[in-house]
Amino acid sequence: MSSPPVARTESAQPPRPVQRLGDRIFSTSTLTAGALILATLAAVAAFLILQSTPALTENPEDISIFTSGETFWTYVGPLIFGTLWSAALALLMAVPLAIGIALFISHYAPRKLAQGLGYVIDLLAAVPSVVFGLWGANTLAPLVQPFYLWLTENLGWIPLFAPPASGTGRTILTAAVVLAVMILPIITALCREVFLQTPVLHEEAALALGATRWEMIRMTVLPFGRAGIVSASMLGLGRALGETMAVAMVLSSSGVISFALLTSSNPSTIAANIALSFPEAYGLNVNVLIATGLMLFAITLVVNAIARYVINRRKEFSGAN
Amino acid sequence: MAQTTTAPLQRSGSGVGPGRPNPAPGPGAMPNVYASGRLGKSVPWIVLGVSLLVSAAIFGLAQAASGGDFNVVGTIVLTGLLNGIGIYLTALLVEGARQAKDRLVTTLVTSAFIVALAPLVSLFITVLSRGTARFDIQLFTYSMRNIVGEGGGVLHAIVGTLIMTGIATIISVPIGLLTSIYLVEYGRGALARAITFFVDVMTGIPSIVAGLFAYALFAIFFGPGIRLGVAGAVALSVLMIPGVVRSSEEMLRLVPNELREAAFALGVPKWLTILKVVLPTSIAGITTGVMLAIARVIGETAPLLVAAGFTSNMNYSPLEGRMQSLPVFVYSSYVSQGTDAQAYLDRAWAAALTLILIVMALNLIARLVARAFSPKLGR
């Protein structure tokens, strides 16, 4: 190689590494790309805030998307409630199921099959959300409607199942089921990774003490994976909060705050409301919708930041990286 | 555990429990100390078969009484319930409480997997059976211009999807790849940590927020109400960049340090080392990551609905006018069904089938690339 000889300066200082032109260009461009990502995230926040301010500062009477006497906060309130409620329902269904599937793949299924079964669950993640929406509205909703009718007739005294049952089955529970199916692969994949990292010595020690397989899992795998389960659930929650099309297509909504799962008056979610209203929106209505998007952005940012914080703290002592 | 009445049975494996009823069949026969007090291997399957028969009988009688259809879903659900109860009780009687719990959990975990398979299977069957109605040549050769009833196709949507995803890839891959190189080869200290953290946070940006961002960005230059193909591409690249960064970073970290050190020892500059040694070694993994990222954004609906709008005309230019895409086509034909609703639904299902096939193909090719060329490391 014909590289120039390293220039020796004062012997007291360590020799400075040579900075070639190519090196300088290359390192600068990588640094620029990295900084660009930070700038993009800042720009997302900045543009959303910029476009949202008219919705908060203008006179609510001038904004046609509000019914009379409504302000931005009374408009967005039911939407935030619906977003949190549907995501919470989805999480409630998805997390136990995901832990079960992850355990099945990591500890119960035959070794040779395990990886293939993992791929099968990953297939769910590959299905586009709009297809889930189509399936939920056309297949799932008619399928569960008789069951909803039965629930309201026999268990209607529970506030969650208050009658009357929706005639189409397109209620918030159906939307939550679709959301649960959509976040299942994410939670499963992360849980599976964590469960597989359980130290084998711990497992073998538990088995050697005479524990059954379930006792071994409860003593070694689950305590080891607790932080992983929590952060996987948070990531799933973040995905469920922001999911748009499935909810927009499945849910038939009206702007109410209601915990009833099976009726035809359901709270909408922020994302679904934007998708449904944005194509026809004009003037200040656009700013209102962007302001609701800003709320969604803030909520998911907090949820994801907490999840990542938990994961990163865990990484340091599990040797998982 | 020691207080339970079934405790002696649990130790039956050792065969020394005093006063324990001997399960050996006849006098003189040696009891199998490993099998006695344990359920045989076939017992869980027998319990499953019995529960299937019982629930099929129950629903068969219900069908005969009411004259409706045979309830397959109900049969499967009842079979699962009966199987769980049956295996628990059987094991409780023969093996004791701890083993019974273990078997119950095994049943639960297995059923969790089957429950998750149910929507997957149902979804694929539905899409296949309803999507094939219009999965014909006309679908891939016509746009929706001047079509109100039957006929028409999704060519304009496929072209739009390809253009917008292509531009998004062109934007995302250089930025994502350079960032991952920065993180692996150069980045130290606070900035690198901040980038890592915010890339992770960026993964969680709701797709519709990315669409709103792209709209807000272009509305400043082009005025409100703007819908452009390139705006859709910007929205997609916001969603795509974090995926590319994460996967490429992982792949670059897999490159053994010895390779870098060998290049440095020969006097090769750092940038050439990265270009000629590190990148070629990890290129298969990076390709896989990029393809998976494309597969993820190609099905995105919400950002394109907001930023690129929908249209029934062919539009080759991302810089002027609205641009249709496959997912948005599915959504808009479902939401605004015309007078001939069945024709719109058929087209929506056929487009959904096309979309799924594209995504599956991308996933499959990505996995094949990864399997064929990846360095053999790890488990």
# chains A, B, ... in the order shown; residues from 1 in each chain; ligands from 1
$ interface_residues --of "chain A" --to "chain B" --cutoff "7 Å" --atoms "only C-alpha atoms" --output "ChimeraX atom specification"
/A:1,3,22-23,26,30-31,33-34,38,44,47-48,51,97,100-101,103-104,124,126-128,130-131,135,212-214,238-239,242-245,271,275,278-279,290,293,297,300-301,304-305
$ residues_around --residues "Tyr75 (chain A)" --least-positions-apart "5" --cutoff "9 Å" --atoms "only C-alpha atoms" --output "compact mmCIF listing (two decimals) with N, CA and C atoms, in the first residue's frame"
# COMPACT_ATOMS: atom_id res chain seq x y z
N PHE A 66 -66.88 20.83 14.50
CA PHE A 66 -67.44 20.80 15.86
C PHE A 66 -68.93 21.03 15.80
N THR A 67 -69.68 20.29 16.61
CA THR A 67 -71.09 20.66 16.79
C THR A 67 -71.13 21.88 17.70
N GLU A 70 -69.11 23.01 21.05
CA GLU A 70 -68.02 22.08 21.28
C GLU A 70 -66.68 22.80 21.15
N GLY A 255 -69.62 9.49 18.50
CA GLY A 255 -68.72 10.09 19.48
C GLY A 255 -69.21 10.04 20.91
$ atom_distance --atom1 "CA of Ala361 (chain B)" --atom2 "CA of Arg111 (chain A)"
26.6 Å
$ residues_around --residues "Thr83 (chain A)" --least-positions-apart "5" --cutoff "8 Å" --atoms "only C-alpha atoms" --output "list in words"
Leu241, Ser268, Thr269 and Ile270 of chain A
$ residues_around --residues "Ala168 (chain B)" --least-positions-apart "5" --cutoff "7 Å" --atoms "only C-alpha atoms" --output "list in words"
Ala233, Val234, Leu236 and Ser237 of chain B
$ atom_distance --atom1 "CA of Gly37 (chain B)" --atom2 "CA of Thr220 (chain A)"
27.0 Å
$ residues_around --residues "Ala372 (chain B)" --least-positions-apart "4" --cutoff "12 Å" --atoms "only C-alpha atoms" --output "list in words"
Ala284, Gly285, Thr287, Thr288, Ile365, Ala366, Arg367, Leu368 and Lys376 of chain B
$ write_last_selection --atoms "N, CA and C atoms" --output "PDB file, in the first residue's frame"
ATOM      1  N   ALA B 284     -25.765  -9.542   2.336  1.00  0.00           N
ATOM      2  CA  ALA B 284     -26.948 -10.406   2.256  1.00  0.00           C
ATOM      3  C   ALA B 284     -27.944 -10.050   3.350  1.00  0.00           C
ATOM      4  N   GLY B 285     -27.427  -9.890   4.567  1.00  0.00           N
ATOM      5  CA  GLY B 285     -28.304  -9.543   5.684  1.00  0.00           C
ATOM      6  C   GLY B 285     -28.950  -8.191   5.484  1.00  0.00           C
ATOM      7  N   THR B 287     -29.601  -6.746   2.619  1.00  0.00           N
ATOM      8  CA  THR B 287     -30.642  -6.904   1.597  1.00  0.00           C
ATOM      9  C   THR B 287     -31.921  -7.468   2.211  1.00  0.00           C
ATOM     10  N   THR B 288     -31.770  -8.492   3.038  1.00  0.00           N
ATOM     11  CA  THR B 288     -32.934  -9.069   3.705  1.00  0.00           C
ATOM     12  C   THR B 288     -33.681  -8.019   4.506  1.00  0.00           C
ATOM     13  N   ILE B 365     -38.745 -14.174  -0.370  1.00  0.00           N
ATOM     14  CA  ILE B 365     -37.455 -13.935  -1.010  1.00  0.00           C
ATOM     15  C   ILE B 365     -36.437 -13.447   0.020  1.00  0.00           C
ATOM     16  N   ALA B 366     -36.913 -12.552   0.927  1.00  0.00           N
ATOM     17  CA  ALA B 366     -36.002 -12.030   1.944  1.00  0.00           C
ATOM     18  C   ALA B 366     -35.449 -13.165   2.799  1.00  0.00           C
ATOM     19  N   ARG B 367     -36.326 -14.094   3.201  1.00  0.00           N
ATOM     20  CA  ARG B 367     -35.858 -15.194   4.038  1.00  0.00           C
ATOM     21  C   ARG B 367     -34.917 -16.115   3.269  1.00  0.00           C
ATOM     22  N   LEU B 368     -35.225 -16.320   1.981  1.00  0.00           N
ATOM     23  CA  LEU B 368     -34.351 -17.185   1.183  1.00  0.00           C
ATOM     24  C   LEU B 368     -32.968 -16.547   1.049  1.00  0.00           C
ATOM     25  N   LYS B 376     -22.765 -18.054   8.892  1.00  0.00           N
ATOM     26  CA  LYS B 376     -23.300 -19.049   9.823  1.00  0.00           C
ATOM     27  C   LYS B 376     -22.820 -18.738  11.235  1.00  0.00           C
TER      28      LYS B 376
END
$ atom_distance --atom1 "CA of Ile172 (chain A)" --atom2 "CA of Asn266 (chain A)"
6.1 Å
$ closest_residue --among "A:Leu276, A:Leu149, A:Thr168, A:Ile105" --to "Leu117 (chain A)" --atoms "only C-alpha atoms"
A:Ile105
$ closest_residue --among "A:Ala248, A:Val286, A:Met234, A:Ile274" --to "Val303 (chain A)" --atoms "only C-alpha atoms"
A:Met234
